[in-house]
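Structure record follows, encoded as structure tokens.
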Amino acid sequence: MNRIGMGYDSHRLVSGRPLILGGLQIEHDLGLAGHSDADAVLHAITDAILGAIAAGDIGELFPDTDPQWAGADSQVFLRRAVSLAAQSGCRVVNCDVTIIAQQPKLSPYKPQMQASIAKALGVDTAAVSVKAKTNEGMDAIGRGEGIAVMAAVLLTTETL
Ligand code: CDP
Ligand code: ZN
């Protein structure tokens, strides 16, 4: 059996925070605001996996009111979602991500980001796609006030 999941996340860009996306630190003068490390890429993928197994969402599992998750490495959330999927008899087939960021330029980071996500998901790098788009200067994201991410995953109960 196959299960599809989609996830979305966005965070504000602020000064005084590192920019963490897909488990990597990205060179930029602004970073994403949030309770955890605010890695919107890993949050969107986590929600996509939780969606595929109908297990709620990241905020329900890891409330941002819980001091335990202050400054948390979001790989913890993603790995927890993967292990919940495994408990439901599912493994990740592939993952496709779109990052909407007016700045910075993310294409130089894509291979490393794909490898980092693949490692957290426990899949081959070839099973992970990361795409980046600007918002063509439109709206808040186009003004560089934040970054949004969309993710899709396919899970299967079939063994390799
Ligand atoms: O060409 P199109 O309007 O579809 O896309 P764009 O938003 O103008 O982005 C052009 C290219 O820049 C994309 O294909 C990405 O590879 C790259 N890009 C990037 O590296 N970092 C971003 N934050 C946004 C886009
Ligand atoms: Zn988030």
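Residues in the structure tokens are named by chain (A, B, ... in the order shown) and by number from 1 within that chain; ligands are numbered from 1 in the order shown.
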Original post:
Got a sec to check which residues lie within 10 Å of ligand 1, using only C-alpha atoms and all ligand atoms, and send them as a ChimeraX atom specification?
Top reply: /A:98-110,130-137,142,144,147
**OP:** Could you give me, as a PyMOL selection string, the residues within 7 Å of stretch 19-23 of chain A, counting only C-alpha atoms and dropping anything in the same chain fewer than 4 positions from it?
**Re:** chain A and resi 28+30-32+37+39-42+75+113+116-117
Restricting the output to N, CA, C and O atoms, write the selected residues as an mmCIF file, in the first residue's frame.
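As a result, selection12.cif now contains:
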```cif
data_model
loop_
_atom_site.group_PDB
_atom_site.id
_atom_site.type_symbol
_atom_site.label_atom_id
_atom_site.label_comp_id
_atom_site.auth_asym_id
_atom_site.auth_seq_id
_atom_site.Cartn_x
_atom_site.Cartn_y
_atom_site.Cartn_z
ATOM 1 N N HIS A 28 23.907 33.754 5.537
ATOM 2 C CA HIS A 28 22.938 34.840 5.291
ATOM 3 C C HIS A 28 22.968 35.782 6.489
ATOM 4 O O HIS A 28 23.343 35.371 7.585
ATOM 5 N N LEU A 30 20.357 37.105 7.849
ATOM 6 C CA LEU A 30 19.133 36.901 8.636
ATOM 7 C C LEU A 30 18.920 35.405 8.856
ATOM 8 O O LEU A 30 19.430 34.581 8.085
ATOM 9 N N GLY A 31 18.159 35.071 9.889
ATOM 10 C CA GLY A 31 17.820 33.669 10.142
ATOM 11 C C GLY A 31 16.339 33.532 10.431
ATOM 12 O O GLY A 31 15.635 34.534 10.620
ATOM 13 N N LEU A 32 15.850 32.305 10.474
ATOM 14 C CA LEU A 32 14.425 32.086 10.707
ATOM 15 C C LEU A 32 14.119 32.121 12.206
ATOM 16 O O LEU A 32 14.822 31.501 13.008
ATOM 17 N N ASP A 37 15.063 25.264 16.101
ATOM 18 C CA ASP A 37 16.005 25.891 15.174
ATOM 19 C C ASP A 37 15.292 26.507 13.967
ATOM 20 O O ASP A 37 15.931 27.102 13.101
ATOM 21 N N ASP A 39 13.890 25.250 11.335
ATOM 22 C CA ASP A 39 14.233 24.691 10.020
ATOM 23 C C ASP A 39 12.944 24.353 9.267
ATOM 24 O O ASP A 39 12.375 23.263 9.408
ATOM 25 N N ALA A 40 12.466 25.310 8.481
ATOM 26 C CA ALA A 40 11.169 25.179 7.808
ATOM 27 C C ALA A 40 11.159 24.008 6.819
ATOM 28 O O ALA A 40 10.100 23.424 6.567
ATOM 29 N N VAL A 41 12.326 23.668 6.276
ATOM 30 C CA VAL A 41 12.397 22.541 5.335
ATOM 31 C C VAL A 41 12.088 21.241 6.076
ATOM 32 O O VAL A 41 11.219 20.457 5.673
ATOM 33 N N LEU A 42 12.784 21.025 7.189
ATOM 34 C CA LEU A 42 12.555 19.788 7.946
ATOM 35 C C LEU A 42 11.160 19.768 8.565
ATOM 36 O O LEU A 42 10.545 18.703 8.667
ATOM 37 N N GLN A 75 16.048 17.925 13.150
ATOM 38 C CA GLN A 75 16.255 16.543 12.691
ATOM 39 C C GLN A 75 15.604 15.570 13.681
ATOM 40 O O GLN A 75 15.181 14.482 13.290
ATOM 41 N N MET A 113 22.080 19.675 0.817
ATOM 42 C CA MET A 113 20.789 19.634 1.521
ATOM 43 C C MET A 113 20.060 18.325 1.223
ATOM 44 O O MET A 113 19.480 17.706 2.117
ATOM 45 N N SER A 116 21.695 15.659 3.259
ATOM 46 C CA SER A 116 21.357 15.796 4.678
ATOM 47 C C SER A 116 19.934 15.290 4.964
ATOM 48 O O SER A 116 19.700 14.563 5.936
ATOM 49 N N ILE A 117 18.989 15.652 4.098
ATOM 50 C CA ILE A 117 17.597 15.197 4.272
ATOM 51 C C ILE A 117 17.521 13.682 4.093
ATOM 52 O O ILE A 117 16.857 12.981 4.870
#
```
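The two atoms in question, atom CA of A:Lys119 and atom CA of A:Leu78, are spaced 10.7 Å apart.
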Quick one: residues within 10 Å of ligand 2, with only C-alpha atoms and all ligand atoms, as a CSV table (one decimal) with C-alpha atoms, in the first residue's frame?
```
chain,number,residue,atom,x,y,z
A,8,TYR,CA,3.8,23.3,4.4
A,9,ASP,CA,5.7,25.6,6.8
A,10,SER,CA,6.8,29.2,6.9
A,11,HIS,CA,8.9,31.3,9.4
A,12,ARG,CA,9.8,34.9,9.6
A,32,LEU,CA,14.4,32.1,10.7
A,33,ALA,CA,12.6,32.9,13.9
A,34,GLY,CA,11.1,30.1,15.9
A,35,HIS,CA,11.0,28.1,19.1
A,36,SER,CA,13.2,25.3,17.7
A,37,ASP,CA,16.0,25.9,15.2
A,38,ALA,CA,13.1,27.0,12.9
A,39,ASP,CA,14.2,24.7,10.0
A,40,ALA,CA,11.2,25.2,7.8
A,41,VAL,CA,12.4,22.5,5.3
A,42,LEU,CA,12.6,19.8,7.9
A,43,HIS,CA,9.3,21.0,9.5
A,44,ALA,CA,7.4,20.7,6.1
A,46,THR,CA,8.0,16.2,9.0
A,47,ASP,CA,4.4,17.3,8.5
A,58,ILE,CA,4.3,18.8,14.1
A,59,GLY,CA,2.8,21.3,16.5
A,64,ASP,CA,6.3,25.2,20.8
A,74,SER,CA,14.6,19.8,13.9
A,148,ALA,CA,8.0,29.2,3.0
A,149,VAL,CA,8.4,25.5,2.2
```
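Across the model, the gap from atom CA of A:Leu50 to atom CA of A:Ala120 is 14.9 Å.
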**OP:** List every residue of chain A that DSSP, applied to the backbone of this structure, places in alpha helix (DSSP H), and write the result as a ChimeraX atom specification.
**Re:** /A:40-52,58-61,75-87,110-121,139-142
**OP:** Write out as a count of residues only which residues come within 8 Å of stretch 154-157 of chain A when counting only C-alpha atoms, dropping same-chain ones fewer than 4 positions away.
**Re:** 14
**OP:** Report as a list in words: the residues of stretch 27-156 of chain A with a DSSP assignment of strand (DSSP E), based on the backbone of this structure.
**Re:** Gly31, Leu32, Arg91, Val92, Val93, Asn94, Cys95, Asp96, Val97, Thr98, Ile99, Ile100, Val128, Ser129, Val130, Lys131, Ala132, Lys133, Gly146, Ile147, Ala148, Val149, Met150, Ala151, Ala152, Val153, Leu154, Leu155 and Thr156 of chain A
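Between A:Val128 and the residues A:Val82, A:Val97, A:Ile26, A:Ala48, the shortest atom-to-atom distance, using only C-alpha atoms, involves A:Val97.
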Subject >> Computed interatomic separation between atom CA of A:Leu160 and atom CA of A:Val123 (Å) >> reply: 11.2 Å
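Residue neighbourhood of A:Asp29, excluding near-sequence residues (fewer than 4 positions): Val14, Ser15, Gly16, Arg17, Pro18 and Leu19 of chain A, at 9 Å, using only C-alpha atoms.
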Just write the chosen residues, N, CA and C atoms, as a PDB file, in the first residue's frame.
```
ATOM      1  N   VAL A  14      14.568  37.023  10.598  1.00  0.00           N
ATOM      2  CA  VAL A  14      14.918  38.077  11.561  1.00  0.00           C
ATOM      3  C   VAL A  14      16.442  38.141  11.701  1.00  0.00           C
ATOM      4  N   SER A  15      16.924  39.250  12.252  1.00  0.00           N
ATOM      5  CA  SER A  15      18.364  39.323  12.489  1.00  0.00           C
ATOM      6  C   SER A  15      18.699  38.622  13.804  1.00  0.00           C
ATOM      7  N   GLY A  16      19.955  38.220  13.928  1.00  0.00           N
ATOM      8  CA  GLY A  16      20.420  37.608  15.169  1.00  0.00           C
ATOM      9  C   GLY A  16      20.133  36.127  15.293  1.00  0.00           C
ATOM     10  N   ARG A  17      19.711  35.493  14.206  1.00  0.00           N
ATOM     11  CA  ARG A  17      19.473  34.043  14.214  1.00  0.00           C
ATOM     12  C   ARG A  17      20.236  33.422  13.045  1.00  0.00           C
ATOM     13  N   PRO A  18      20.772  32.200  13.220  1.00  0.00           N
ATOM     14  CA  PRO A  18      21.386  31.528  12.073  1.00  0.00           C
ATOM     15  C   PRO A  18      20.286  31.035  11.136  1.00  0.00           C
ATOM     16  N   LEU A  19      20.587  30.945   9.842  1.00  0.00           N
ATOM     17  CA  LEU A  19      19.610  30.404   8.885  1.00  0.00           C
ATOM     18  C   LEU A  19      19.882  28.909   8.708  1.00  0.00           C
TER      19      LEU A  19
END
```
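Among the candidate residues A:Ala81, A:Gln87, A:Gly146, A:Thr125, the one lying nearest to A:Gly56 is A:Ala81, with distances computed using only C-alpha atoms.
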